[in-house]
>>> print(open('data29.cif').read())   # mmCIF, C-alpha atoms
data_structure
loop_
_atom_site.label_atom_id
_atom_site.label_comp_id
_atom_site.auth_asym_id
_atom_site.auth_seq_id
_atom_site.Cartn_x
_atom_site.Cartn_y
_atom_site.Cartn_z
CA MET A 246 0.00 0.00 0.00
CA SER A 247 1.23 3.40 -0.93
CA THR A 248 1.28 6.04 1.80
CA LYS A 249 1.59 9.13 -0.36
CA THR A 250 -1.06 11.87 -0.45
CA ALA A 251 -3.22 12.10 -3.53
CA GLY A 252 -1.26 15.10 -4.77
CA GLN A 253 2.10 13.36 -4.42
CA GLU A 254 0.69 10.26 -6.09
CA PHE A 255 -0.23 12.36 -9.11
CA ALA A 256 2.92 14.45 -9.21
CA LYS A 257 5.35 11.53 -9.11
CA GLY A 258 4.31 10.57 -12.63
CA LEU A 259 5.22 14.00 -13.94
CA TRP A 260 8.84 14.03 -12.88
CA ASP A 261 10.20 11.71 -10.16
CA GLU A 262 8.93 8.60 -11.88
CA ASN A 263 8.27 10.02 -15.34
CA PRO A 264 7.75 6.90 -17.46
CA VAL A 265 9.89 8.08 -20.37
CA PHE A 266 12.65 10.22 -18.90
CA ARG A 267 13.19 8.42 -15.61
CA GLN A 268 11.97 4.85 -16.11
CA LEU A 269 12.81 4.47 -19.82
CA LEU A 270 9.50 2.72 -20.48
CA GLY A 271 7.45 2.81 -23.64
CA LEU A 272 10.29 4.04 -25.79
CA CYS A 273 9.06 2.48 -29.04
CA PRO A 274 6.05 4.77 -29.58
CA THR A 275 7.95 7.66 -28.02
CA LEU A 276 10.57 7.45 -30.72
CA ALA A 277 8.35 6.41 -33.58
CA VAL A 278 5.49 8.89 -33.70
CA THR A 279 7.08 12.07 -32.38
CA ASN A 280 7.99 13.45 -35.82
CA ALA A 281 5.12 15.96 -35.52
CA VAL A 282 3.46 17.46 -32.45
CA ILE A 283 -0.03 16.37 -33.53
CA ASN A 284 1.05 12.73 -33.83
CA GLY A 285 2.88 12.78 -30.51
CA PHE A 286 -0.12 14.32 -28.80
CA ALA A 287 -2.62 11.87 -30.32
CA MET A 288 -0.42 8.93 -29.34
CA GLY A 289 -0.08 10.35 -25.82
CA MET A 290 -3.83 10.72 -25.46
CA ALA A 291 -4.57 7.24 -26.83
CA THR A 292 -2.07 5.72 -24.41
CA ALA A 293 -3.52 7.79 -21.55
CA PHE A 294 -7.02 6.53 -22.36
CA VAL A 295 -5.90 2.89 -22.35
CA LEU A 296 -3.82 3.30 -19.20
CA ILE A 297 -6.57 5.03 -17.21
CA PHE A 298 -9.32 2.57 -18.14
CA SER A 299 -7.13 -0.52 -17.75
CA SER A 300 -6.07 0.71 -14.30
CA LEU A 301 -9.71 1.23 -13.34
CA VAL A 302 -10.73 -2.25 -14.45
CA VAL A 303 -7.68 -4.05 -13.06
CA SER A 304 -7.91 -2.34 -9.67
CA SER A 305 -11.62 -3.07 -9.36
CA ILE A 306 -11.40 -6.76 -10.22
CA LYS A 307 -7.96 -7.45 -8.75
CA LYS A 308 -9.41 -9.88 -6.18
CA LEU A 309 -11.03 -12.00 -8.90
CA ILE A 310 -7.87 -12.58 -10.93
CA PRO A 311 -5.82 -15.64 -9.90
CA SER A 312 -2.18 -14.61 -9.65
CA GLN A 313 -0.94 -17.33 -12.05
CA VAL A 314 -2.84 -15.91 -14.99
CA ARG A 315 -2.72 -12.26 -14.03
CA ILE A 316 -0.36 -11.13 -16.80
CA ALA A 317 -2.52 -12.78 -19.46
CA SER A 318 -5.64 -11.22 -17.93
CA TYR A 319 -4.06 -7.77 -17.88
CA VAL A 320 -3.02 -8.16 -21.50
CA VAL A 321 -6.55 -9.08 -22.55
CA ILE A 322 -8.00 -6.09 -20.65
CA ILE A 323 -5.42 -3.76 -22.18
CA ALA A 324 -5.95 -5.20 -25.66
CA THR A 325 -9.69 -4.58 -25.36
CA PHE A 326 -9.22 -0.88 -24.62
CA VAL A 327 -6.58 -0.59 -27.33
CA THR A 328 -9.07 -1.98 -29.83
CA VAL A 329 -11.58 0.66 -28.67
CA ALA A 330 -9.00 3.44 -29.04
CA ASP A 331 -7.90 2.14 -32.44
CA ARG A 332 -11.46 1.99 -33.80
CA PHE A 333 -12.30 5.41 -32.28
CA LEU A 334 -9.33 7.10 -33.96
CA ALA A 335 -10.08 5.38 -37.26
CA ALA A 336 -13.72 6.53 -37.13
CA PHE A 337 -13.34 10.13 -35.98
CA PHE A 338 -9.78 11.14 -36.89
CA PRO A 339 -8.92 9.15 -40.02
CA PRO A 340 -5.85 11.26 -40.99
CA ILE A 341 -4.26 10.85 -37.55
CA SER A 342 -5.11 7.16 -37.50
CA LYS A 343 -3.43 6.82 -40.89
CA SER A 344 -0.24 8.58 -39.88
CA LEU A 345 0.05 6.62 -36.62
CA GLY A 346 -0.60 3.40 -38.53
CA PRO A 347 0.25 0.17 -36.73
CA TYR A 348 1.64 2.06 -33.74
CA VAL A 349 -1.88 2.38 -32.25
CA PRO A 350 -2.30 -1.41 -31.86
CA LEU A 351 1.24 -1.44 -30.51
CA ILE A 352 -0.01 0.32 -27.36
CA VAL A 353 -0.86 -3.22 -26.19
CA VAL A 354 2.80 -4.01 -25.73
CA ASN A 355 3.67 -0.60 -24.29
CA CYS A 356 5.46 -1.53 -21.09
CA ILE A 357 4.21 1.57 -19.24
CA ILE A 358 0.68 0.19 -19.18
CA LEU A 359 1.47 -3.38 -18.19
CA GLY A 360 4.06 -2.07 -15.73
CA ARG A 361 1.55 0.14 -13.90
CA GLN A 362 -0.97 -2.70 -13.66
CA GLU A 363 1.61 -5.06 -12.21
CA ALA A 364 3.31 -2.51 -9.96
CA PHE A 365 0.38 -0.42 -8.82
CA SER A 366 -3.22 -1.18 -9.80
CA SER A 367 -3.05 -4.80 -8.69
CA LYS A 368 -2.12 -3.71 -5.17
CA ASN A 369 -3.99 -0.45 -4.60
CA THR A 370 -7.56 0.83 -4.34
CA VAL A 371 -9.54 2.03 -7.35
CA GLY A 372 -9.20 5.69 -6.37
CA ARG A 373 -5.44 5.56 -5.91
CA SER A 374 -4.96 3.61 -9.12
CA LEU A 375 -6.94 6.25 -10.98
CA ILE A 376 -4.75 9.04 -9.59
CA ASP A 377 -1.62 7.05 -10.38
CA ALA A 378 -2.80 6.38 -13.94
CA LEU A 379 -3.68 10.06 -14.43
CA GLY A 380 -0.23 11.13 -13.18
CA MET A 381 1.63 8.59 -15.30
CA SER A 382 -0.38 9.48 -18.40
CA SER A 383 0.28 13.18 -17.90
CA GLY A 384 3.98 12.42 -17.55
CA PHE A 385 3.88 10.40 -20.75
CA VAL A 386 1.94 13.05 -22.69
CA LEU A 387 4.36 15.68 -21.41
CA ALA A 388 7.36 13.68 -22.61
CA MET A 389 5.71 13.10 -26.01
CA LEU A 390 4.98 16.83 -26.35
CA ILE A 391 8.52 17.89 -25.49
CA LEU A 392 10.12 15.38 -27.83
CA SER A 393 7.77 16.03 -30.73
CA ALA A 394 8.00 19.82 -30.29
CA VAL A 395 11.80 19.70 -30.50
CA ARG A 396 11.69 17.44 -33.54
CA GLU A 397 8.98 19.32 -35.41
CA ILE A 398 10.43 22.79 -34.79
CA LEU A 399 13.95 21.79 -35.79
CA GLY A 400 12.94 19.34 -38.50
CA MET A 401 10.28 21.37 -40.31
CA GLY A 402 10.38 24.81 -38.70
CA THR A 403 6.73 24.44 -37.70
CA PHE A 404 4.71 23.82 -34.55
CA LEU A 405 1.38 21.99 -34.98
CA GLY A 406 1.71 22.86 -38.66
CA TYR A 407 2.16 26.62 -38.11
CA GLN A 408 5.37 28.25 -39.30
CA VAL A 409 7.34 29.36 -36.23
CA MET A 410 10.80 29.80 -37.68
CA GLY A 411 11.53 32.68 -40.07
CA PRO A 412 12.21 32.17 -43.77
CA TRP A 413 15.97 32.19 -42.98
CA PHE A 414 15.60 28.84 -41.23
CA GLU A 415 16.88 25.79 -43.08
CA PRO A 416 14.94 22.76 -41.68
CA TRP A 417 17.09 19.96 -40.27
CA ILE A 418 15.43 17.15 -42.21
CA ILE A 419 17.36 14.61 -40.16
CA MET A 420 15.31 15.50 -37.07
CA ILE A 421 12.09 14.06 -38.49
CA LEU A 422 13.89 10.94 -39.77
CA PRO A 423 14.65 7.98 -37.45
CA PRO A 424 18.21 9.09 -36.43
CA GLY A 425 16.84 12.41 -35.17
CA ALA A 426 14.51 10.57 -32.79
CA PHE A 427 17.32 8.57 -31.20
CA ILE A 428 19.66 11.52 -30.86
CA THR A 429 17.01 13.92 -29.49
CA LEU A 430 15.85 11.42 -26.89
CA GLY A 431 19.45 10.65 -25.89
CA ILE A 432 20.16 14.33 -25.31
CA LEU A 433 16.86 14.90 -23.47
CA LEU A 434 17.63 11.94 -21.17
CA ALA A 435 21.03 13.41 -20.37
CA LEU A 436 19.39 16.77 -19.72
CA ALA A 437 16.81 15.22 -17.36
CA LEU A 438 19.58 13.40 -15.49
CA GLN A 439 21.63 16.59 -15.23
CA ILE A 440 18.68 18.57 -13.80
CA GLU A 441 18.03 15.76 -11.33
CA ARG A 442 21.67 15.76 -10.20
CA LYS A 443 21.69 19.54 -9.79
CA THR A 444 18.54 19.54 -7.65
CA LYS A 445 19.85 16.60 -5.59
CA SER A 446 23.15 18.30 -4.82
CA ARG A 447 21.38 21.47 -3.77
CA LYS A 448 19.35 19.64 -1.14
CA MET B 40 12.85 -12.17 -56.79
CA GLU B 41 9.96 -10.75 -54.79
CA LEU B 42 10.96 -12.92 -51.83
CA VAL B 43 14.59 -11.80 -52.01
CA ALA B 44 13.42 -8.19 -52.02
CA ILE B 45 11.28 -8.73 -48.91
CA PHE B 46 14.17 -10.46 -47.18
CA VAL B 47 16.83 -7.84 -47.91
CA THR B 48 14.48 -4.94 -47.23
CA ALA B 49 13.57 -6.39 -43.83
CA ILE B 50 17.21 -6.78 -42.82
CA LEU B 51 18.83 -3.62 -44.10
CA ILE B 52 16.38 -0.97 -45.28
CA ASN B 53 13.40 -1.28 -43.00
CA ASN B 54 15.44 -2.56 -40.09
CA PHE B 55 13.00 -3.09 -37.24
CA VAL B 56 15.14 -1.41 -34.62
CA LEU B 57 16.69 1.44 -36.55
CA ARG B 58 13.81 2.32 -38.84
CA TYR B 59 10.64 1.38 -36.95
CA PHE B 60 11.97 1.76 -33.38
CA LEU B 61 10.79 -1.68 -32.35
CA GLY B 62 12.30 -3.82 -29.65
CA ILE B 63 14.12 -0.85 -28.14
CA CYS B 64 13.89 -2.34 -24.64
CA PRO B 65 15.99 -5.47 -25.36
CA PHE B 66 18.07 -3.42 -27.81
CA LEU B 67 19.20 -1.16 -24.96
CA GLY B 68 18.93 -3.70 -22.16
CA VAL B 69 20.69 -6.75 -23.59
CA SER B 70 23.34 -5.06 -25.71
CA LYS B 71 26.08 -4.78 -23.10
CA LYS B 72 27.81 -8.06 -24.06
CA ILE B 73 28.21 -9.54 -27.53
CA ASP B 74 27.41 -13.12 -26.42
CA SER B 75 24.07 -12.27 -24.85
CA ALA B 76 23.25 -9.98 -27.76
CA ILE B 77 23.72 -12.89 -30.18
CA SER B 78 21.56 -15.21 -28.04
CA MET B 79 18.84 -12.60 -27.79
CA GLY B 80 18.92 -11.94 -31.51
CA LEU B 81 18.63 -15.61 -32.37
CA ALA B 82 15.83 -16.19 -29.87
CA VAL B 83 13.90 -13.28 -31.39
CA THR B 84 14.52 -14.54 -34.92
CA PHE B 85 13.23 -17.95 -33.91
CA VAL B 86 10.06 -16.65 -32.30
CA MET B 87 9.47 -14.19 -35.14
CA THR B 88 9.61 -16.93 -37.76
CA ILE B 89 7.09 -19.09 -35.93
CA THR B 90 4.87 -16.11 -35.12
CA ALA B 91 4.80 -15.09 -38.76
CA ALA B 92 3.61 -18.57 -39.75
CA VAL B 93 1.06 -19.08 -36.96
CA SER B 94 -0.44 -15.59 -37.11
CA TRP B 95 -0.85 -15.95 -40.88
CA VAL B 96 -2.80 -19.17 -40.38
CA ILE B 97 -5.01 -17.63 -37.69
CA ASN B 98 -5.60 -14.50 -39.70
CA HIS B 99 -6.45 -16.23 -42.98
CA TRP B 100 -8.22 -19.34 -41.74
CA ILE B 101 -10.15 -17.99 -38.76
CA LEU B 102 -10.33 -14.21 -38.52
CA ILE B 103 -10.91 -13.27 -42.17
CA PRO B 104 -13.41 -16.04 -43.11
CA PHE B 105 -15.56 -15.23 -40.06
CA ASN B 106 -15.26 -11.45 -40.42
CA LEU B 107 -13.58 -11.16 -37.05
CA ASP B 108 -10.71 -8.89 -38.07
CA TYR B 109 -11.48 -6.48 -35.21
CA LEU B 110 -10.25 -9.24 -32.90
CA GLN B 111 -6.80 -9.11 -34.51
CA ILE B 112 -5.12 -7.22 -31.69
CA VAL B 113 -6.41 -9.51 -28.95
CA SER B 114 -5.81 -12.75 -30.83
CA PHE B 115 -2.30 -11.88 -32.05
CA ILE B 116 -1.12 -10.93 -28.58
CA LEU B 117 -2.54 -14.15 -27.14
CA VAL B 118 -0.88 -16.17 -29.90
CA ILE B 119 2.47 -14.56 -29.18
CA ALA B 120 2.21 -15.02 -25.42
CA SER B 121 1.29 -18.69 -25.69
CA LEU B 122 3.82 -19.27 -28.45
CA VAL B 123 6.67 -17.93 -26.37
CA GLN B 124 5.56 -20.12 -23.49
CA LEU B 125 5.45 -23.14 -25.81
CA VAL B 126 8.84 -22.41 -27.35
CA GLU B 127 10.28 -22.07 -23.87
CA MET B 128 8.97 -25.48 -22.78
CA PHE B 129 10.04 -27.03 -26.08
CA ILE B 130 13.62 -25.74 -25.89
CA ARG B 131 13.90 -26.80 -22.26
CA LYS B 132 13.00 -30.38 -23.25
CA ILE B 133 14.97 -30.59 -26.50
CA SER B 134 18.14 -28.68 -25.69
CA PRO B 135 18.87 -27.76 -22.07
CA PRO B 136 22.17 -25.99 -22.96
CA LEU B 137 20.39 -23.67 -25.38
CA TYR B 138 17.73 -23.06 -22.74
CA GLN B 139 20.45 -22.13 -20.27
CA ALA B 140 22.04 -19.77 -22.76
CA LEU B 141 18.81 -17.95 -23.54
CA GLY B 142 17.75 -17.82 -19.90
CA ILE B 143 15.50 -14.94 -18.97
CA TYR B 144 15.47 -13.50 -22.49
CA LEU B 145 12.95 -16.02 -23.73
CA PRO B 146 9.93 -14.94 -21.62
CA LEU B 147 10.88 -11.32 -22.19
CA ILE B 148 10.25 -11.76 -25.90
CA THR B 149 6.49 -11.68 -25.25
CA THR B 150 6.69 -7.98 -24.48
CA ASN B 151 8.95 -7.29 -27.42
CA CYS B 152 6.84 -5.05 -29.62
CA ALA B 153 8.76 -6.13 -32.71
CA ILE B 154 7.03 -9.52 -32.71
CA PHE B 155 3.56 -8.02 -32.43
CA PHE B 156 4.34 -5.45 -35.11
CA LEU B 157 5.54 -8.24 -37.41
CA ALA B 158 2.21 -10.06 -37.15
CA LEU B 159 0.25 -6.84 -37.78
CA MET B 160 2.47 -5.72 -40.64
CA ALA B 161 2.28 -9.05 -42.45
CA SER B 162 -1.51 -8.89 -42.27
CA LEU B 163 -1.58 -5.20 -43.28
CA ARG B 164 0.59 -5.81 -46.33
CA ASP B 165 -1.43 -8.87 -47.29
CA TYR B 166 1.57 -11.15 -47.55
CA SER B 167 1.15 -14.73 -48.69
CA PHE B 168 2.18 -17.50 -46.32
CA LEU B 169 5.68 -17.85 -47.78
CA GLU B 170 6.18 -14.08 -47.89
CA SER B 171 5.16 -13.80 -44.23
CA VAL B 172 7.68 -16.40 -43.17
CA ILE B 173 10.47 -14.79 -45.19
CA PHE B 174 9.50 -11.42 -43.72
CA GLY B 175 9.71 -12.99 -40.24
CA VAL B 176 13.16 -14.48 -40.79
CA GLY B 177 14.48 -11.28 -42.38
CA SER B 178 13.14 -9.03 -39.64
CA GLY B 179 14.62 -11.30 -36.99
CA LEU B 180 18.02 -11.28 -38.66
CA GLY B 181 17.79 -7.50 -39.00
CA PHE B 182 17.15 -7.25 -35.27
CA THR B 183 20.10 -9.58 -34.61
CA LEU B 184 22.36 -7.48 -36.82
CA ALA B 185 21.38 -4.26 -35.05
CA ILE B 186 21.73 -5.62 -31.51
CA VAL B 187 25.08 -7.32 -32.21
CA LEU B 188 26.51 -4.17 -33.84
CA MET B 189 25.28 -2.19 -30.85
CA ALA B 190 26.93 -4.63 -28.43
CA THR B 191 30.26 -4.39 -30.25
CA ILE B 192 30.15 -0.61 -30.03
CA ARG B 193 29.12 -0.62 -26.39
CA GLU B 194 31.95 -2.93 -25.39
CA GLN B 195 34.32 -0.31 -26.80
CA LEU B 196 32.31 2.46 -25.21
CA ASP B 197 33.15 1.14 -21.74
CA LEU B 198 36.69 2.39 -22.30
CA ALA B 199 35.62 5.80 -23.54
CA ASP B 200 35.34 8.92 -21.44
CA VAL B 201 31.62 9.71 -21.62
CA PRO B 202 30.19 12.81 -19.85
CA GLU B 203 28.58 11.82 -16.55
CA ALA B 204 24.99 12.72 -17.49
CA LEU B 205 25.13 10.87 -20.83
CA LYS B 206 26.27 7.57 -19.30
CA GLY B 207 24.02 4.57 -19.79
CA ALA B 208 20.90 5.06 -21.86
CA GLY B 209 21.77 8.55 -23.11
CA ILE B 210 24.93 7.63 -24.98
CA ALA B 211 23.39 4.34 -26.12
CA LEU B 212 20.55 6.24 -27.80
CA ILE B 213 22.94 8.65 -29.48
CA VAL B 214 25.00 5.71 -30.78
CA ALA B 215 21.76 4.17 -32.06
CA GLY B 216 21.01 7.45 -33.80
CA ILE B 217 24.34 7.38 -35.60
CA MET B 218 23.74 3.74 -36.56
CA ALA B 219 20.29 4.67 -37.90
CA LEU B 220 21.96 7.40 -39.93
CA ALA B 221 24.34 4.85 -41.43
CA PHE B 222 21.47 2.47 -42.20
CA LEU B 223 19.60 5.27 -44.01
CA GLY B 224 22.29 4.87 -46.64
CA PHE B 225 20.82 1.50 -47.60
CA SER B 226 17.47 3.00 -48.53
CA GLY B 227 18.62 3.78 -52.07
CA MET B 228 19.43 0.11 -52.64
CA MET B 229 15.87 -1.07 -53.39
CA LYS B 230 13.38 0.71 -55.58
#
>>> encode(input="data29.cif", output="structure tokens")
Amino acid sequence: MSTKTAGQEFAKGLWDENPVFRQLLGLCPTLAVTNAVINGFAMGMATAFVLIFSSLVVSSIKKLIPSQVRIASYVVIIATFVTVADRFLAAFFPPISKSLGPYVPLIVVNCIILGRQEAFSSKNTVGRSLIDALGMSSGFVLAMLILSAVREILGMGTFLGYQVMGPWFEPWIIMILPPGAFITLGILLALALQIERKTKSRK
Amino acid sequence: MELVAIFVTAILINNFVLRYFLGICPFLGVSKKIDSAISMGLAVTFVMTITAAVSWVINHWILIPFNLDYLQIVSFILVIASLVQLVEMFIRKISPPLYQALGIYLPLITTNCAIFFLALMASLRDYSFLESVIFGVGSGLGFTLAIVLMATIREQLDLADVPEALKGAGIALIVAGIMALAFLGFSGMMK
């Protein structure tokens, strides 16, 4: 049982235990769909939806699931919500669904979601699991926004499709290609670690 | 010719790790030693090949004839999870030394998104049975190539003077970025 207050439970997902920057979870979608802010944001929201609802279901039926088959049960629950998210995007936002392509179904194997079920929802009350899922999702969306903003601004000179750099700016095409994703995330991780070390040493 | 194209494209041009960002977790986690990188790569290749075959059968014999294609996500993930379990038991019976060598990496393959992506991609591209299997082998070998190259670089990296904050995952990602850059050069190879 976690002894944190509700506020702390939420805030830990944003920084202390940020799934991307601190726990290095869910890196596949993080790298793959952050070539434009709109894609990163849509992916973040879809993942948030699946995480929040899976946490709700898992924490409410945790007593009914035998521990031997718990992973398989979590996967089926997660896969159900992913199917819902996939169909929803395809029905209401066809262009986004097209550009995310097979990465939407891939949310099933996103380790953030399974990790939270195993580490948190299966041991805590429904309310706490909801707060935890909200915090973790916000942390994930935040990381997606930062990464995709850096890549879109440098790679195309735009933000959400609007021109932000002047006409003098020569876009760094490499930033929206695969190598740019790896290098940007590597530098952001180093930056996050550096900030953490600075705040630690000040304490 | 078509099959050769699928095979080469899967290994070099559309490399699962460096182009589609799949299997990043084992790619970063198991690439510290060359030996374990090779074992991991081969285990993934093995599971990928079987997954490609089995998921094709399920997709074309069950899901499509009964109009159940919305169940793809759920059924593929269940196939992969049970397949990995089966392969694990099979290897333990047939070849205990190989089982020892693969160790914990085998169960971890279930959560490797590359396998799941392979099943989805083969169905999305409407591959025939043979094409799916070739695609599976090629993608697995591509993964092996990437992880082994990464391990060779990281063994050298241990001796290098890396800035404190970049140590670990940071520098590994930047190295992967440079490798991805090199692999982009292959994209002109196939029309």
>>> closest_residue(input="data29.cif", among="B:Leu61, B:Ile148, B:Val187, B:Leu137", to="chain A", atoms="all atoms listed in the file")
B:Leu61
>>> closest_atom_pairs(input="data29.cif", of="chain B", to="chain A", cutoff="8 Å", atoms="all atoms listed in the file", output="CSV")
residue,atom,partner,partner_atom,distance
B:Leu57,CA,A:Pro423,CA,6.9
B:Arg58,CA,A:Pro423,CA,5.9
B:Tyr59,CA,A:Ala277,CA,6.5
B:Phe60,CA,A:Cys273,CA,5.3
B:Leu61,CA,A:Cys273,CA,5.6
B:Gly62,CA,A:Cys273,CA,7.1
B:Ile63,CA,A:Cys273,CA,6.1
B:Cys64,CA,A:Leu272,CA,7.4
B:Tyr109,CA,A:Thr328,CA,7.4
B:Leu110,CA,A:Thr328,CA,8.0
B:Ile112,CA,A:Ala324,CA,6.4
B:Val113,CA,A:Ala324,CA,5.4
B:Ile116,CA,A:Val320,CA,7.8
B:Leu117,CA,A:Ala317,CA,7.8
B:Ala120,CA,A:Ala317,CA,7.9
B:Thr150,CA,A:Val354,CA,5.7
B:Asn151,CA,A:Val354,CA,7.2
B:Cys152,CA,A:Val354,CA,5.7
B:Phe155,CA,A:Leu351,CA,7.2
B:Phe156,CA,A:Leu351,CA,6.8
B:Leu159,CA,A:Pro347,CA,7.1
B:Met160,CA,A:Pro347,CA,7.4
B:Ala204,CA,A:Ala435,CA,4.9
B:Leu205,CA,A:Ala435,CA,4.8
B:Lys206,CA,A:Ala435,CA,7.9
B:Ala208,CA,A:Gly431,CA,7.0
B:Gly209,CA,A:Gly431,CA,4.2
B:Ile210,CA,A:Gly431,CA,6.3
B:Ala211,CA,A:Gly431,CA,7.4
B:Leu212,CA,A:Gly431,CA,4.9
B:Ile213,CA,A:Ile428,CA,4.6
B:Val214,CA,A:Ile428,CA,7.9
B:Ala215,CA,A:Phe427,CA,6.3
B:Gly216,CA,A:Pro424,CA,4.2
B:Ile217,CA,A:Pro424,CA,6.4
B:Met218,CA,A:Pro424,CA,7.7
B:Ala219,CA,A:Pro424,CA,5.1
B:Leu220,CA,A:Pro424,CA,5.4
>>> residues_around(input="data29.cif", residues="Ser171 of chain B", least_positions_apart="6", cutoff="9 Å", atoms="all atoms listed in the file", output="VMD selection string")
chain B and resid 88 91 to 92 95 157 to 158 161 to 162 165
>>> resolve_selection(input="data29.cif", expression="the PyMOL selection byres ((chain A and resi 262) around 12)", output="VMD selection string")
chain A and resid 253 to 261 263 to 270 357 361 377 380 to 385 388 437 441
>>> residues_around(input="data29.cif", residues="Val83 of chain B", least_positions_apart="2", cutoff="9 Å", atoms="all atoms listed in the file", output="number ranges by chain")
B: 78-81, 85-88, 145, 148, 151, 153-154, 179-180, 182-183
>>> write_last_selection(input="data29.cif", atoms="C-alpha atoms", output="short mmCIF file (atom, residue, chain, number, x, y, z; two decimals), keeping the file's coordinate frame")
data_model
loop_
_atom_site.label_atom_id
_atom_site.label_comp_id
_atom_site.auth_asym_id
_atom_site.auth_seq_id
_atom_site.Cartn_x
_atom_site.Cartn_y
_atom_site.Cartn_z
CA SER B 78 21.56 -15.21 -28.04
CA MET B 79 18.84 -12.60 -27.79
CA GLY B 80 18.92 -11.94 -31.51
CA LEU B 81 18.63 -15.61 -32.37
CA PHE B 85 13.23 -17.95 -33.91
CA VAL B 86 10.06 -16.65 -32.30
CA MET B 87 9.47 -14.19 -35.14
CA THR B 88 9.61 -16.93 -37.76
CA LEU B 145 12.95 -16.02 -23.73
CA ILE B 148 10.25 -11.76 -25.90
CA ASN B 151 8.95 -7.29 -27.42
CA ALA B 153 8.76 -6.13 -32.71
CA ILE B 154 7.03 -9.52 -32.71
CA GLY B 179 14.62 -11.30 -36.99
CA LEU B 180 18.02 -11.28 -38.66
CA PHE B 182 17.15 -7.25 -35.27
CA THR B 183 20.10 -9.58 -34.61
#
>>> residues_around(input="data29.cif", residues="Val303 of chain A", least_positions_apart="2", cutoff="7 Å", atoms="only C-alpha atoms", output="PyMOL selection string")
chain A and resi 299-301+305-307+362+366-367
>>> atom_distance(input="data29.cif", atom1="atom CA of Ile45 of chain B", atom2="atom CA of Phe222 of chain B")
16.6 Å
>>> atom_distance(input="data29.cif", atom1="atom CA of Ala49 of chain B", atom2="atom CA of Glu170 of chain B")
11.4 Å
>>> atom_distance(input="data29.cif", atom1="atom CA of Ala251 of chain A", atom2="atom CA of Lys443 of chain A")
26.7 Å
>>> residues_around(input="data29.cif", residues="Met420 of chain A", least_positions_apart="3", cutoff="6 Å", atoms="all atoms listed in the file", output="list in words")
Arg396, Gly400, Trp417 and Gly425 of chain A
>>> closest_residue(input="data29.cif", among="A:Val302, A:Ala335, A:Ala394, A:Leu309", to="Val409 of chain A", atoms="all atoms listed in the file")
A:Ala394
>>> axis_aligned_box(input="data29.cif", around="segment 283-300 of chain A", padding_each_side="8 Å", output="JSON")
{"center_x": -3.2, "center_y": 7.9, "center_z": -24.1, "size_x": 28.2, "size_y": 32.9, "size_z": 35.5}
>>> residues_near_point(input="data29.cif", point="(11.3, -5.4, -44.2)", cutoff="7 Å", atoms="all atoms listed in the file", output="MDAnalysis selection string")
chainID B and resid 45:46 48:50 52:54 174 177:178
>>> resolve_selection(input="data29.cif", expression="the PyMOL selection byres ((chain B and resi 188) around 10)", output="number ranges by chain")
B: 70, 73, 76-77, 182-187, 189-193, 215, 218
>>> resolve_selection(input="data29.cif", expression="the PyMOL selection byres ((chain B and resi 126) around 12)", output="PyMOL selection string")
chain B and resi 82-83+85-90+118-125+127-134+137-138+141+145-146+148-149
>>> write_last_selection(input="data29.cif", atoms="C-alpha atoms", output="PDB file, in the coordinates of the input")
ATOM      1  CA  ALA B  82      15.830 -16.190 -29.870  1.00  0.00           C
ATOM      2  CA  VAL B  83      13.900 -13.280 -31.390  1.00  0.00           C
ATOM      3  CA  PHE B  85      13.230 -17.950 -33.910  1.00  0.00           C
ATOM      4  CA  VAL B  86      10.060 -16.650 -32.300  1.00  0.00           C
ATOM      5  CA  MET B  87       9.470 -14.190 -35.140  1.00  0.00           C
ATOM      6  CA  THR B  88       9.610 -16.930 -37.760  1.00  0.00           C
ATOM      7  CA  ILE B  89       7.090 -19.090 -35.930  1.00  0.00           C
ATOM      8  CA  THR B  90       4.870 -16.110 -35.120  1.00  0.00           C
ATOM      9  CA  VAL B 118      -0.880 -16.170 -29.900  1.00  0.00           C
ATOM     10  CA  ILE B 119       2.470 -14.560 -29.180  1.00  0.00           C
ATOM     11  CA  ALA B 120       2.210 -15.020 -25.420  1.00  0.00           C
ATOM     12  CA  SER B 121       1.290 -18.690 -25.690  1.00  0.00           C
ATOM     13  CA  LEU B 122       3.820 -19.270 -28.450  1.00  0.00           C
ATOM     14  CA  VAL B 123       6.670 -17.930 -26.370  1.00  0.00           C
ATOM     15  CA  GLN B 124       5.560 -20.120 -23.490  1.00  0.00           C
ATOM     16  CA  LEU B 125       5.450 -23.140 -25.810  1.00  0.00           C
ATOM     17  CA  GLU B 127      10.280 -22.070 -23.870  1.00  0.00           C
ATOM     18  CA  MET B 128       8.970 -25.480 -22.780  1.00  0.00           C
ATOM     19  CA  PHE B 129      10.040 -27.030 -26.080  1.00  0.00           C
ATOM     20  CA  ILE B 130      13.620 -25.740 -25.890  1.00  0.00           C
ATOM     21  CA  ARG B 131      13.900 -26.800 -22.260  1.00  0.00           C
ATOM     22  CA  LYS B 132      13.000 -30.380 -23.250  1.00  0.00           C
ATOM     23  CA  ILE B 133      14.970 -30.590 -26.500  1.00  0.00           C
ATOM     24  CA  SER B 134      18.140 -28.680 -25.690  1.00  0.00           C
ATOM     25  CA  LEU B 137      20.390 -23.670 -25.380  1.00  0.00           C
ATOM     26  CA  TYR B 138      17.730 -23.060 -22.740  1.00  0.00           C
ATOM     27  CA  LEU B 141      18.810 -17.950 -23.540  1.00  0.00           C
ATOM     28  CA  LEU B 145      12.950 -16.020 -23.730  1.00  0.00           C
ATOM     29  CA  PRO B 146       9.930 -14.940 -21.620  1.00  0.00           C
ATOM     30  CA  ILE B 148      10.250 -11.760 -25.900  1.00  0.00           C
ATOM     31  CA  THR B 149       6.490 -11.680 -25.250  1.00  0.00           C
TER      32      THR B 149
END
